[in-house]
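Below is coords21.cif, which holds mmCIF, C-alpha atoms.
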data_target
loop_
_atom_site.label_atom_id
_atom_site.label_comp_id
_atom_site.auth_asym_id
_atom_site.auth_seq_id
_atom_site.Cartn_x
_atom_site.Cartn_y
_atom_site.Cartn_z
CA MET A 1 0.00 0.00 0.00
CA ALA A 2 1.51 3.33 -1.01
CA ASP A 3 1.85 5.80 1.83
CA LEU A 4 -0.68 8.63 1.78
CA GLY A 5 0.44 11.38 -0.55
CA GLU A 6 3.25 9.31 -2.04
CA GLU A 7 3.34 8.85 -5.75
CA VAL A 8 5.95 6.45 -7.03
CA LYS A 9 6.39 5.71 -10.72
CA LEU A 10 9.09 3.76 -12.45
CA ILE A 11 9.77 4.20 -16.14
CA GLY A 12 11.39 1.00 -17.37
CA SER A 13 10.89 -2.21 -19.25
CA SER A 14 10.35 -5.78 -18.15
CA ASN A 15 13.06 -6.88 -20.58
CA SER A 16 15.57 -4.41 -19.28
CA LEU A 17 17.82 -5.81 -16.63
CA PHE A 18 18.93 -2.35 -15.52
CA SER A 19 15.22 -1.67 -14.87
CA SER A 20 15.11 -4.78 -12.69
CA ARG A 21 17.43 -3.17 -10.18
CA PRO A 22 15.04 -0.53 -8.79
CA ARG A 23 12.17 -3.01 -9.13
CA VAL A 24 13.91 -5.49 -6.83
CA ALA A 25 14.75 -2.67 -4.40
CA LEU A 26 11.14 -1.41 -4.34
CA LYS A 27 9.89 -4.96 -3.77
CA LEU A 28 12.36 -5.45 -0.91
CA LYS A 29 11.04 -2.31 0.70
CA GLY A 30 7.40 -3.19 0.03
CA VAL A 31 6.80 0.04 -1.86
CA ASP A 32 3.97 0.15 -4.40
CA TYR A 33 4.60 1.89 -7.67
CA ASP A 34 3.24 2.42 -11.16
CA PHE A 35 5.38 0.61 -13.66
CA LEU A 36 5.39 2.59 -16.91
CA GLN A 37 6.68 0.31 -19.62
CA GLU A 38 8.74 1.89 -22.37
CA LYS A 39 8.73 0.51 -25.88
CA TRP A 40 12.35 -0.19 -26.79
CA TRP A 41 11.94 1.27 -30.26
CA GLN A 42 10.34 4.54 -29.23
CA LYS A 43 11.08 6.74 -26.23
CA SER A 44 8.12 8.32 -24.45
CA ASP A 45 7.80 12.07 -23.84
CA LEU A 46 7.81 11.40 -20.11
CA LEU A 47 11.17 9.61 -20.37
CA LEU A 48 12.70 12.38 -22.46
CA GLU A 49 11.45 14.98 -19.97
CA SER A 50 12.54 13.04 -16.90
CA ASN A 51 15.97 12.04 -18.16
CA PRO A 52 17.00 14.73 -20.64
CA VAL A 53 20.71 14.04 -20.12
CA TYR A 54 20.81 10.35 -21.09
CA LYS A 55 17.23 9.66 -22.26
CA LYS A 56 17.49 6.14 -20.80
CA ILE A 57 15.52 3.87 -18.50
CA PRO A 58 15.15 3.25 -15.64
CA VAL A 59 13.88 6.50 -14.14
CA LEU A 60 12.16 6.64 -10.77
CA ILE A 61 9.69 9.48 -10.36
CA HIS A 62 8.87 10.07 -6.70
CA ASN A 63 6.28 12.76 -6.04
CA ASN A 64 7.07 14.19 -9.46
CA LYS A 65 10.83 14.32 -8.89
CA PRO A 66 12.92 12.13 -11.22
CA VAL A 67 15.92 10.06 -10.15
CA CYS A 68 18.11 8.55 -12.88
CA GLU A 69 20.83 5.87 -13.15
CA SER A 70 19.86 2.45 -11.80
CA MET A 71 22.18 2.13 -8.78
CA ILE A 72 21.67 5.78 -7.81
CA ILE A 73 17.94 4.95 -7.80
CA VAL A 74 18.59 1.87 -5.62
CA GLU A 75 20.51 3.98 -3.10
CA TYR A 76 17.76 6.59 -3.15
CA ILE A 77 15.15 3.89 -2.44
CA ASP A 78 17.28 2.60 0.45
CA GLU A 79 17.72 6.09 1.94
CA THR A 80 14.11 7.18 1.48
CA TRP A 81 12.19 4.16 2.79
CA THR A 82 14.46 3.54 5.76
CA SER A 83 11.81 2.12 8.05
CA LYS A 84 10.64 -0.40 5.49
CA GLY A 85 12.29 -3.68 4.60
CA PRO A 86 15.96 -4.59 5.06
CA SER A 87 18.83 -2.14 4.53
CA ILE A 88 20.10 -2.46 1.02
CA LEU A 89 23.51 -0.90 1.56
CA PRO A 90 25.74 -2.23 4.34
CA SER A 91 26.18 0.12 7.30
CA ASP A 92 29.97 -0.10 7.54
CA PRO A 93 31.73 2.44 5.28
CA TYR A 94 34.36 -0.07 4.13
CA ASP A 95 31.71 -2.65 3.22
CA ARG A 96 29.83 0.07 1.35
CA ALA A 97 32.99 0.98 -0.57
CA MET A 98 33.48 -2.70 -1.51
CA ALA A 99 29.87 -3.04 -2.68
CA ARG A 100 30.24 0.12 -4.79
CA PHE A 101 33.60 -1.02 -6.17
CA TRP A 102 32.36 -4.40 -7.41
CA THR A 103 29.19 -2.79 -8.77
CA ALA A 104 31.28 -0.33 -10.78
CA TYR A 105 33.52 -3.19 -11.91
CA SER A 106 30.63 -5.33 -13.17
CA ASP A 107 28.91 -2.36 -14.83
CA ASP A 108 32.17 -1.61 -16.60
CA LYS A 109 32.85 -5.20 -17.76
CA PHE A 110 29.69 -7.16 -18.30
CA PRO A 111 27.47 -5.14 -20.63
CA SER A 112 30.17 -4.77 -23.30
CA LEU A 113 31.25 -8.42 -22.99
CA LEU A 114 27.67 -9.65 -23.18
CA ARG A 115 27.14 -7.49 -26.25
CA VAL A 116 30.11 -9.08 -27.99
CA LEU A 117 29.03 -12.57 -26.91
CA THR A 118 25.60 -12.08 -28.46
CA GLY A 119 26.89 -9.91 -31.27
CA PRO A 120 27.30 -10.36 -34.99
CA VAL A 121 31.05 -11.14 -34.98
CA PRO A 122 31.58 -14.80 -33.96
CA GLY A 123 35.37 -14.37 -34.20
CA GLU A 124 35.29 -12.07 -31.19
CA ILE A 125 33.48 -14.57 -28.97
CA PRO A 126 36.40 -16.71 -27.64
CA GLU A 127 38.31 -13.73 -26.25
CA ALA A 128 35.17 -12.17 -24.79
CA ARG A 129 34.31 -15.50 -23.18
CA GLU A 130 37.80 -15.73 -21.66
CA GLN A 131 37.49 -12.23 -20.21
CA PHE A 132 34.01 -13.00 -18.90
CA VAL A 133 35.16 -16.18 -17.19
CA ALA A 134 38.15 -14.32 -15.68
CA SER A 135 35.75 -11.69 -14.29
CA LEU A 136 33.62 -14.43 -12.75
CA GLN A 137 36.73 -15.78 -11.01
CA LEU A 138 37.38 -12.35 -9.52
CA LEU A 139 33.81 -12.14 -8.27
CA GLU A 140 34.04 -15.66 -6.83
CA ALA A 141 37.04 -14.52 -4.80
CA ALA A 142 35.27 -11.32 -3.78
CA LEU A 143 32.24 -13.30 -2.63
CA GLU A 144 34.44 -15.56 -0.55
CA LYS A 145 36.10 -12.54 1.03
CA CYS A 146 33.20 -10.24 1.70
CA ASN A 147 30.13 -12.28 2.51
CA LYS A 148 31.56 -13.73 5.71
CA GLY A 149 30.37 -17.25 4.97
CA LYS A 150 26.85 -16.27 4.03
CA ILE A 151 25.07 -16.83 0.73
CA PHE A 152 24.62 -13.28 -0.50
CA PHE A 153 27.13 -10.48 -0.98
CA GLY A 154 24.85 -8.56 1.38
CA GLY A 155 25.06 -11.30 4.03
CA ASP A 156 21.85 -12.94 5.19
CA ASP A 157 19.71 -11.05 2.76
CA ILE A 158 20.26 -9.52 -0.65
CA GLY A 159 21.84 -6.12 -0.82
CA TYR A 160 23.28 -3.50 -3.14
CA LEU A 161 25.89 -5.67 -4.86
CA ASP A 162 23.54 -8.67 -5.17
CA ILE A 163 21.02 -6.44 -6.95
CA ALA A 164 23.70 -4.97 -9.23
CA LEU A 165 25.17 -8.33 -10.19
CA GLY A 166 21.80 -9.99 -10.50
CA SER A 167 20.95 -7.73 -13.40
CA HIS A 168 24.02 -8.83 -15.36
CA PHE A 169 23.72 -12.47 -14.35
CA GLY A 170 20.14 -12.46 -15.56
CA TRP A 171 21.60 -12.39 -19.05
CA ILE A 172 24.00 -15.30 -18.55
CA GLU A 173 21.66 -18.17 -19.40
CA ALA A 174 20.21 -16.30 -22.37
CA THR A 175 23.70 -15.49 -23.63
CA GLU A 176 24.80 -19.09 -23.23
CA LYS A 177 21.85 -20.14 -25.40
CA LEU A 178 22.33 -17.39 -27.99
CA ALA A 179 26.08 -17.94 -28.36
CA GLY A 180 26.10 -21.69 -27.74
CA ILE A 181 28.78 -21.45 -25.06
CA ARG A 182 29.10 -22.05 -21.32
CA LEU A 183 29.88 -19.05 -19.16
CA LEU A 184 28.96 -19.88 -15.57
CA GLU A 185 30.53 -23.24 -14.73
CA LYS A 186 29.62 -24.57 -11.29
CA GLU A 187 32.90 -26.47 -11.01
CA LYS A 188 34.93 -23.32 -11.54
CA VAL A 189 32.84 -20.82 -9.55
CA PRO A 190 30.85 -22.90 -7.01
CA ARG A 191 30.02 -20.02 -4.67
CA LEU A 192 28.75 -17.82 -7.50
CA ALA A 193 26.68 -20.67 -8.90
CA GLU A 194 25.09 -21.18 -5.49
CA TRP A 195 24.59 -17.42 -5.11
CA CYS A 196 22.84 -17.37 -8.49
CA GLU A 197 20.37 -20.04 -7.48
CA HIS A 198 19.54 -18.29 -4.24
CA TYR A 199 19.36 -14.82 -5.81
CA PHE A 200 17.01 -15.77 -8.63
CA GLY A 201 14.84 -17.74 -6.19
CA HIS A 202 14.55 -14.84 -3.73
CA PRO A 203 10.97 -13.60 -3.27
CA ALA A 204 11.92 -10.03 -4.15
CA VAL A 205 13.55 -11.16 -7.38
CA LYS A 206 11.81 -14.13 -8.87
CA ASP A 207 8.73 -12.47 -10.31
CA ILE A 208 10.72 -9.55 -11.63
CA MET A 209 13.57 -11.08 -13.60
CA PRO A 210 12.51 -12.00 -17.09
CA MET A 211 12.72 -15.69 -18.01
CA THR A 212 15.61 -16.81 -20.18
CA GLU A 213 13.25 -17.59 -23.08
CA GLU A 214 11.87 -14.04 -22.98
CA LEU A 215 15.36 -12.56 -23.07
CA VAL A 216 16.41 -14.83 -25.94
CA ALA A 217 13.31 -13.80 -27.89
CA PHE A 218 13.89 -10.13 -27.06
CA ALA A 219 17.57 -10.23 -28.09
CA THR A 220 16.67 -11.98 -31.33
CA GLU A 221 13.99 -9.39 -32.07
CA VAL A 222 16.32 -6.45 -31.47
CA LYS A 223 19.11 -8.03 -33.51
CA SER A 224 16.94 -8.78 -36.50
CA SER A 225 15.50 -5.28 -36.55
CA PHE A 226 19.04 -3.92 -36.87
CA SER A 227 20.08 -6.33 -39.61
CA ALA A 228 20.44 -4.95 -43.10
CA PRO A 229 17.22 -5.44 -45.06
CA ALA A 230 17.32 -8.25 -47.58
CA LYS A 231 17.89 -7.12 -51.13
CA MET B 232 49.75 -4.62 3.66
CA ALA B 233 49.93 -5.12 7.44
CA SER B 234 47.04 -3.58 9.38
CA GLU B 235 49.08 -0.46 9.93
CA LYS B 236 47.05 2.25 11.55
CA GLY B 237 46.73 5.39 9.56
CA VAL B 238 45.85 6.70 6.17
CA MET B 239 47.94 6.47 3.04
CA LEU B 240 47.13 7.69 -0.45
CA LEU B 241 48.77 6.16 -3.53
CA ASP B 242 48.55 8.81 -6.19
CA PHE B 243 50.09 10.66 -9.14
CA TRP B 244 50.70 14.38 -8.83
CA VAL B 245 48.61 15.70 -11.73
CA SER B 246 45.84 13.10 -11.67
CA PRO B 247 42.48 14.85 -11.31
CA PHE B 248 41.13 11.60 -9.84
CA GLY B 249 43.81 11.55 -7.15
CA GLN B 250 43.16 15.22 -6.48
CA ARG B 251 39.55 14.43 -5.62
CA ALA B 252 40.78 12.26 -2.77
CA ARG B 253 43.34 14.84 -1.65
CA ILE B 254 40.77 17.62 -1.59
CA ALA B 255 38.29 15.48 0.38
CA LEU B 256 40.96 14.53 2.93
CA ALA B 257 41.99 18.19 3.27
CA GLU B 258 38.38 19.34 3.72
CA LYS B 259 38.07 16.82 6.55
CA GLY B 260 41.43 17.72 8.09
CA VAL B 261 42.68 14.12 7.87
CA GLN B 262 46.42 13.51 8.31
CA TYR B 263 47.74 11.06 5.76
CA GLU B 264 50.86 9.82 4.08
CA TYR B 265 51.08 10.70 0.40
CA LYS B 266 52.92 8.27 -1.86
CA GLU B 267 53.75 9.38 -5.39
CA GLU B 268 53.56 6.49 -7.87
CA ASN B 269 55.66 6.11 -10.98
CA LEU B 270 52.99 5.04 -13.44
CA THR B 271 55.50 3.52 -15.83
CA GLU B 272 56.81 1.34 -13.02
CA LYS B 273 54.01 0.64 -10.56
CA SER B 274 55.00 -0.25 -7.03
CA GLU B 275 54.37 -3.63 -5.42
CA LEU B 276 52.15 -1.83 -2.94
CA LEU B 277 49.93 -0.40 -5.68
CA LEU B 278 49.67 -3.71 -7.50
CA LYS B 279 48.74 -5.41 -4.23
CA ALA B 280 46.31 -2.68 -3.14
CA ASN B 281 44.53 -2.46 -6.50
CA PRO B 282 45.07 -5.80 -8.24
CA VAL B 283 41.92 -5.42 -10.36
CA HIS B 284 42.69 -2.11 -12.07
CA LYS B 285 46.30 -1.39 -10.98
CA LYS B 286 45.44 2.31 -10.97
CA ILE B 287 45.73 5.30 -8.69
CA PRO B 288 44.29 6.72 -6.56
CA VAL B 289 44.10 4.11 -3.82
CA LEU B 290 43.31 5.10 -0.26
CA ILE B 291 44.71 2.67 2.30
CA HIS B 292 43.01 3.09 5.69
CA ASP B 293 44.33 0.95 8.55
CA GLY B 294 45.73 -1.43 5.96
CA LYS B 295 42.52 -1.74 3.94
CA PRO B 296 42.51 -0.40 0.37
CA VAL B 297 39.69 1.59 -1.19
CA CYS B 298 39.82 2.15 -4.96
CA GLU B 299 38.05 4.37 -7.50
CA SER B 300 38.13 8.11 -6.79
CA LEU B 301 34.42 8.82 -6.21
CA ILE B 302 34.09 5.70 -4.06
CA ILE B 303 37.09 6.95 -2.07
CA VAL B 304 35.46 10.39 -1.63
CA GLU B 305 32.20 8.83 -0.37
CA TYR B 306 34.23 6.62 1.97
CA ILE B 307 36.14 9.60 3.34
CA ASN B 308 32.87 11.48 3.81
CA GLU B 309 31.30 8.54 5.69
CA VAL B 310 34.26 7.74 7.94
CA TRP B 311 35.15 11.32 8.90
CA SER B 312 31.54 12.36 9.22
CA ASP B 313 32.05 14.84 12.06
CA LYS B 314 33.42 17.60 9.85
CA ALA B 315 32.70 19.27 6.48
CA PRO B 316 29.88 17.06 5.17
CA LEU B 317 30.32 16.60 1.44
CA MET B 318 26.88 15.11 0.84
CA PRO B 319 23.51 16.71 1.50
CA SER B 320 21.34 14.87 4.04
CA ASP B 321 18.21 14.81 1.91
CA PRO B 322 18.02 11.59 -0.17
CA TYR B 323 16.81 13.40 -3.29
CA GLN B 324 19.61 15.98 -3.12
CA LYS B 325 22.05 13.12 -2.54
CA ALA B 326 20.78 11.34 -5.64
CA GLN B 327 21.25 14.52 -7.65
CA ALA B 328 24.80 14.94 -6.31
CA ARG B 329 25.66 11.34 -7.21
CA PHE B 330 24.13 11.75 -10.66
CA TRP B 331 26.14 14.85 -11.54
CA ALA B 332 29.40 13.52 -10.07
CA ASP B 333 28.86 10.40 -12.17
CA PHE B 334 28.17 12.62 -15.21
CA VAL B 335 31.51 14.40 -14.68
CA ASP B 336 33.14 10.98 -14.38
CA LYS B 337 31.59 9.65 -17.56
CA LYS B 338 32.20 12.71 -19.69
CA VAL B 339 34.87 15.23 -18.74
CA TYR B 340 38.13 13.26 -18.74
CA ASP B 341 37.43 11.30 -21.93
CA CYS B 342 36.22 14.31 -23.86
CA GLY B 343 39.12 16.40 -22.53
CA SER B 344 41.61 13.77 -23.65
CA ARG B 345 40.15 13.81 -27.12
CA LEU B 346 40.68 17.57 -27.25
CA TRP B 347 44.45 17.24 -26.99
CA LYS B 348 44.86 13.83 -28.68
CA LEU B 349 42.92 14.51 -31.85
CA LYS B 350 43.07 16.98 -34.70
CA GLY B 351 40.83 18.30 -37.44
CA GLU B 352 37.21 17.20 -37.58
CA GLU B 353 37.50 14.74 -34.69
CA GLN B 354 38.89 17.47 -32.47
CA GLN B 355 36.09 19.83 -33.54
CA ALA B 356 33.54 17.17 -32.58
CA ALA B 357 35.21 16.79 -29.17
CA LYS B 358 35.22 20.56 -28.73
CA LYS B 359 31.49 20.75 -29.48
CA GLU B 360 30.90 17.99 -26.95
CA MET B 361 33.04 19.68 -24.29
CA ILE B 362 31.11 22.93 -24.73
CA GLU B 363 27.83 21.01 -24.29
CA ILE B 364 29.19 19.31 -21.17
CA LEU B 365 30.30 22.63 -19.66
CA GLN B 366 26.95 24.25 -20.46
CA LEU B 367 24.99 21.37 -18.94
CA LEU B 368 27.09 21.66 -15.79
CA GLU B 369 26.63 25.41 -15.80
CA ALA B 370 22.84 24.97 -15.97
CA GLN B 371 23.11 22.63 -12.99
CA LEU B 372 25.23 25.10 -11.03
CA GLY B 373 22.94 28.02 -11.82
CA ASP B 374 23.48 30.95 -9.49
CA LYS B 375 24.58 28.81 -6.56
CA LYS B 376 27.93 29.39 -4.90
CA TYR B 377 28.86 25.76 -5.29
CA PHE B 378 27.21 22.71 -6.88
CA GLY B 379 26.51 21.72 -3.27
CA GLY B 380 24.66 25.03 -2.67
CA ASP B 381 26.21 27.11 0.06
CA SER B 382 28.50 24.25 1.04
CA PHE B 383 31.31 22.81 -1.02
CA GLY B 384 30.08 19.32 -1.85
CA PHE B 385 30.46 16.05 -3.70
CA VAL B 386 30.00 17.42 -7.22
CA ASP B 387 32.39 20.29 -6.50
CA VAL B 388 35.04 17.77 -5.35
CA ALA B 389 34.39 15.60 -8.41
CA PHE B 390 34.69 18.42 -10.94
CA VAL B 391 37.11 20.98 -9.50
CA PRO B 392 40.35 19.10 -10.34
CA PHE B 393 39.45 19.43 -14.02
CA THR B 394 39.49 23.23 -13.74
CA SER B 395 43.28 23.14 -13.82
CA TRP B 396 42.96 21.41 -17.20
CA PHE B 397 40.74 24.16 -18.66
CA TYR B 398 43.75 26.09 -19.92
CA SER B 399 45.00 22.96 -21.74
CA TYR B 400 41.56 22.27 -23.25
CA GLU B 401 41.24 25.92 -24.33
CA THR B 402 44.72 26.04 -25.86
CA CYS B 403 44.46 22.74 -27.72
CA ALA B 404 40.97 23.29 -29.07
CA ASN B 405 40.87 27.07 -29.32
CA PHE B 406 37.92 28.12 -27.22
CA SER B 407 37.31 29.86 -23.91
CA VAL B 408 35.59 28.31 -20.90
CA GLU B 409 34.72 31.79 -19.69
CA GLY B 410 33.20 32.50 -23.10
CA VAL B 411 31.01 29.39 -23.26
CA ALA B 412 30.26 28.85 -19.55
CA PRO B 413 31.03 32.01 -17.54
CA LYS B 414 29.38 30.74 -14.33
CA ILE B 415 31.64 27.69 -14.39
CA ALA B 416 34.68 29.95 -14.81
CA GLN B 417 33.57 32.02 -11.80
CA TRP B 418 32.85 28.89 -9.77
CA ALA B 419 36.36 27.65 -10.53
CA LYS B 420 37.82 30.91 -9.15
CA ARG B 421 35.66 30.64 -6.01
CA CYS B 422 36.85 27.09 -5.42
CA MET B 423 40.47 28.23 -5.64
CA GLU B 424 39.79 30.44 -2.59
CA ARG B 425 39.42 27.25 -0.56
CA GLU B 426 42.66 26.07 0.98
CA SER B 427 41.96 22.42 0.16
CA VAL B 428 41.68 23.25 -3.54
CA ALA B 429 44.46 25.87 -3.76
CA LYS B 430 46.95 23.54 -2.09
CA THR B 431 46.01 20.56 -4.26
CA LEU B 432 45.62 21.86 -7.80
CA TYR B 433 48.65 22.65 -9.90
CA ASP B 434 49.10 25.79 -11.95
CA PRO B 435 47.23 25.33 -15.25
CA LYS B 436 50.43 26.13 -17.17
CA LYS B 437 52.19 23.27 -15.39
CA VAL B 438 49.32 20.96 -16.32
CA TYR B 439 49.67 22.16 -19.90
CA GLU B 440 53.39 21.26 -19.82
CA PHE B 441 52.32 17.77 -18.78
CA VAL B 442 49.78 17.63 -21.63
CA CYS B 443 52.53 18.63 -24.08
CA PHE B 444 54.70 15.85 -22.68
CA LEU B 445 51.81 13.40 -23.23
CA LYS B 446 51.25 14.69 -26.74
CA LYS B 447 54.91 14.02 -27.58
CA LYS B 448 54.69 10.60 -25.97
CA PHE B 449 51.62 9.70 -28.02
CA GLY B 450 53.08 11.23 -31.17
CA VAL B 451 50.40 13.91 -31.49
CA GLU B 452 51.25 17.15 -33.23
#
Give the structure from the file, written as structure tokens.
Amino acid sequence: MADLGEEVKLIGSSNSLFSSRPRVALKLKGVDYDFLQEKWWQKSDLLLESNPVYKKIPVLIHNNKPVCESMIIVEYIDETWTSKGPSILPSDPYDRAMARFWTAYSDDKFPSLLRVLTGPVPGEIPEAREQFVASLQLLEAALEKCNKGKIFFGGDDIGYLDIALGSHFGWIEATEKLAGIRLLEKEKVPRLAEWCEHYFGHPAVKDIMPMTEELVAFATEVKSSFSAPAK
Amino acid sequence: MASEKGVMLLDFWVSPFGQRARIALAEKGVQYEYKEENLTEKSELLLKANPVHKKIPVLIHDGKPVCESLIIVEYINEVWSDKAPLMPSDPYQKAQARFWADFVDKKVYDCGSRLWKLKGEEQQAAKKEMIEILQLLEAQLGDKKYFGGDSFGFVDVAFVPFTSWFYSYETCANFSVEGVAPKIAQWAKRCMERESVAKTLYDPKKVYEFVCFLKKKFGVE
């Protein structure tokens, strides 16, 4: 139930994994919102008005004030609805710095690698795969170091880094299918594989993340619309 | 690194990213040990403290490393919270501060580098982009004293180191920051009245000497 006088809207898309980040955060906090779905081929006036700098989803509009950039939105949600749900960011400044560091790392690495892995140049796939697997190894080590023996990066419950990574990992199965390769190998990254299972089964996540088949269909649709028209 | 008590900053003199950390530490009055890195021959300590990126700046606090300049600034703000708050307390204002600091991060350094690395049409395109960036930031600043309002804040810390590169950008690409974004030029002067900024930033002509050295190194002329 939305609090009296609170109006929360989220401009996003159910296929967009960056959009999933604020959605998971809002669900964790038990905050109701209007989900305004953007069409990927045509940006709405509201989006262009609310995010004139980047013109991208997601955008949270809280009582008519827009907040942009997915993890900035997640932090805003955590800081605004403090009495609801678990804390999303850790309380210790060093733990917060670590969560932000690995979030920045994965945002820097994964989108471009995933693009190459599902892209039109098969020759680039082996190197991208190698880099992806190396990144997973780094995260496996980070998980071992920072979760203090618990399942999630956030400890007993999901937190900032879990939400950030979850949005990239949501693409892993779809990418494996599209490119015909294995990326997340349980034998090589057992903790991450276990984390994945728990994250995608979490009540705040499971109805939000698109199914692999939907993502595969979506990626195929986008790709074919950009292909050169047949002569 | 042993759990040595204290604060150390691994840095490179002219790095605007390192300067963010230095300015934040100075604003908070934190004593620290500064270690200048030779970027062509990185120290064991740097490689151990930042194995992922192997880059400066790295803040080492009681033996624990923090990497990435804006993450370091937020860390400094959160640990030494008793003095000179760099973030507003209101969540919406905080989100705005993070957004614009991130914007500076995404745009200024890369575009600035293209101004001195490129020539001809590509340089003109970079110049047009830099002017747009400066004007967007100017619109955000408005008539406020600082990006943070009356207080020097997160966006000010994020952007001010680049003011010592304005002279280099102007000289390489033939334009004037004062001409295209006068409020930004005035803001830069106001920031230089702060001890933390004046003691950290180098003379723009010295920065330009460094840019010329880089140009030679990259074979740009």
Inset, instruction - Could you list the residues in chain A lying within 6 Å of chain B, using only C-alpha atoms, and format the result as a ChimeraX atom specification? - result: /A:76,79,93,97
Output for the residues just chosen: C-alpha atoms as a compact mmCIF listing (two decimals), in the frame of the given file:
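The resulting file, again25.txt, is reproduced below:
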# COMPACT_ATOMS: atom_id res chain seq x y z
CA TYR A 76 17.76 6.59 -3.15
CA GLU A 79 17.72 6.09 1.94
CA PRO A 93 31.73 2.44 5.28
CA ALA A 97 32.99 0.98 -0.57
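The coordinates place CA of Pro111 (chain A) at 25.5 Å from CA of Gly155 (chain A).
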Inset, instruction - Using all atoms listed in the file, find all polymer residues with an atom at most 12 Å away from the point (8.9, -6.4, -16.5); report them as number ranges by chain. - result: A: 10-24, 34-39, 58, 205-211, 214-215
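Selection check: the PyMOL selection byres ((chain A and resi 170) around 8) on the shown file gives Leu17, Gly166, Ser167, His168, Phe169, Trp171, Ile172, Glu173, Ala174, Met209, Pro210 and Thr212 of chain A.
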Inset, instruction - Tell me which protein, DNA and RNA residues are within 12 Å of region 430-441 of chain B, counting all atoms listed in the file, leaving out same-chain ones fewer than 3 positions away, and put them as an NGL selection string. - result: :B and (243-258 or 347 or 388 or 390-403 or 419 or 422-427 or 444-448)
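Proximity to Gln262 (chain B) at 9 Å, evaluated using all atoms listed in the file and with sequence-adjacent residues fewer than 2 positions away removed, yields Gly237, Val238, Met239, Leu256, Ala257, Gly260 and Glu264 of chain B.
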So what does the PyMOL selection byres ((chain A and resi 117) around 9) actually pick up in this one, as a PDB file with C-alpha atoms, in the frame of the given file?
ATOM      1  CA  SER A 112      30.170  -4.770 -23.300  1.00  0.00           C
ATOM      2  CA  LEU A 113      31.250  -8.420 -22.990  1.00  0.00           C
ATOM      3  CA  LEU A 114      27.670  -9.650 -23.180  1.00  0.00           C
ATOM      4  CA  ARG A 115      27.140  -7.490 -26.250  1.00  0.00           C
ATOM      5  CA  VAL A 116      30.110  -9.080 -27.990  1.00  0.00           C
ATOM      6  CA  THR A 118      25.600 -12.080 -28.460  1.00  0.00           C
ATOM      7  CA  GLY A 119      26.890  -9.910 -31.270  1.00  0.00           C
ATOM      8  CA  PRO A 120      27.300 -10.360 -34.990  1.00  0.00           C
ATOM      9  CA  VAL A 121      31.050 -11.140 -34.980  1.00  0.00           C
ATOM     10  CA  PRO A 122      31.580 -14.800 -33.960  1.00  0.00           C
ATOM     11  CA  GLU A 124      35.290 -12.070 -31.190  1.00  0.00           C
ATOM     12  CA  ILE A 125      33.480 -14.570 -28.970  1.00  0.00           C
ATOM     13  CA  PRO A 126      36.400 -16.710 -27.640  1.00  0.00           C
ATOM     14  CA  ALA A 128      35.170 -12.170 -24.790  1.00  0.00           C
ATOM     15  CA  ARG A 129      34.310 -15.500 -23.180  1.00  0.00           C
ATOM     16  CA  THR A 175      23.700 -15.490 -23.630  1.00  0.00           C
ATOM     17  CA  GLU A 176      24.800 -19.090 -23.230  1.00  0.00           C
ATOM     18  CA  LEU A 178      22.330 -17.390 -27.990  1.00  0.00           C
ATOM     19  CA  ALA A 179      26.080 -17.940 -28.360  1.00  0.00           C
TER      20      ALA A 179
END
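Between CA of Val261 (chain B) and CA of Leu278 (chain B) the separation is 24.6 Å.
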Legend entry - Explicit residue set for the PyMOL selection byres ((chain B and resi 372) around 12), as a ChimeraX atom specification: /B:327-328,331,365-371,373-381,383-384,386-387,390,412-419
Legend entry - For Lys285 (chain B): contacts at 10 Å, all atoms listed in the file, fewer than 4 positions along chain excluded, given as a ChimeraX atom specification: /B:270,273-274,276-281,289,298
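Note that CA of His202 (chain A) and CA of Tyr160 (chain A) are 14.3 Å apart.
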Within 12 Å of Lys186 (chain A), counting only C-alpha atoms, which residues qualify if same-chain residues fewer than 4 places away don't, as an mmCIF file with C-alpha atoms, in the coordinates of the input?
data_model
loop_
_atom_site.group_PDB
_atom_site.id
_atom_site.type_symbol
_atom_site.label_atom_id
_atom_site.label_comp_id
_atom_site.auth_asym_id
_atom_site.auth_seq_id
_atom_site.Cartn_x
_atom_site.Cartn_y
_atom_site.Cartn_z
ATOM 1 C CA VAL A 133 35.160 -16.180 -17.190
ATOM 2 C CA LEU A 136 33.620 -14.430 -12.750
ATOM 3 C CA GLN A 137 36.730 -15.780 -11.010
ATOM 4 C CA GLU A 140 34.040 -15.660 -6.830
ATOM 5 C CA ARG A 182 29.100 -22.050 -21.320
ATOM 6 C CA PRO A 190 30.850 -22.900 -7.010
ATOM 7 C CA ARG A 191 30.020 -20.020 -4.670
ATOM 8 C CA LEU A 192 28.750 -17.820 -7.500
ATOM 9 C CA ALA A 193 26.680 -20.670 -8.900
ATOM 10 C CA GLU A 194 25.090 -21.180 -5.490
ATOM 11 C CA TRP A 195 24.590 -17.420 -5.110
ATOM 12 C CA CYS A 196 22.840 -17.370 -8.490
ATOM 13 C CA GLU A 197 20.370 -20.040 -7.480
#
Inset, instruction - Determine the nearest neighbour of Ile291 (chain B) from the options B:Cys443, B:Val408, B:Leu241, B:Val428, counting all atoms listed in the file. - result: B:Leu241
Legend entry - Selected residue, from A:Thr82, A:Tyr199, A:Cys68, A:Leu184, that lies nearest to Leu48 (chain A) when counting all atoms listed in the file: A:Cys68
Legend entry - Pick from A:Val8, A:Val31, A:Ile73, A:Leu165 nearest to Asp108 (chain A), counting only C-alpha atoms: A:Leu165
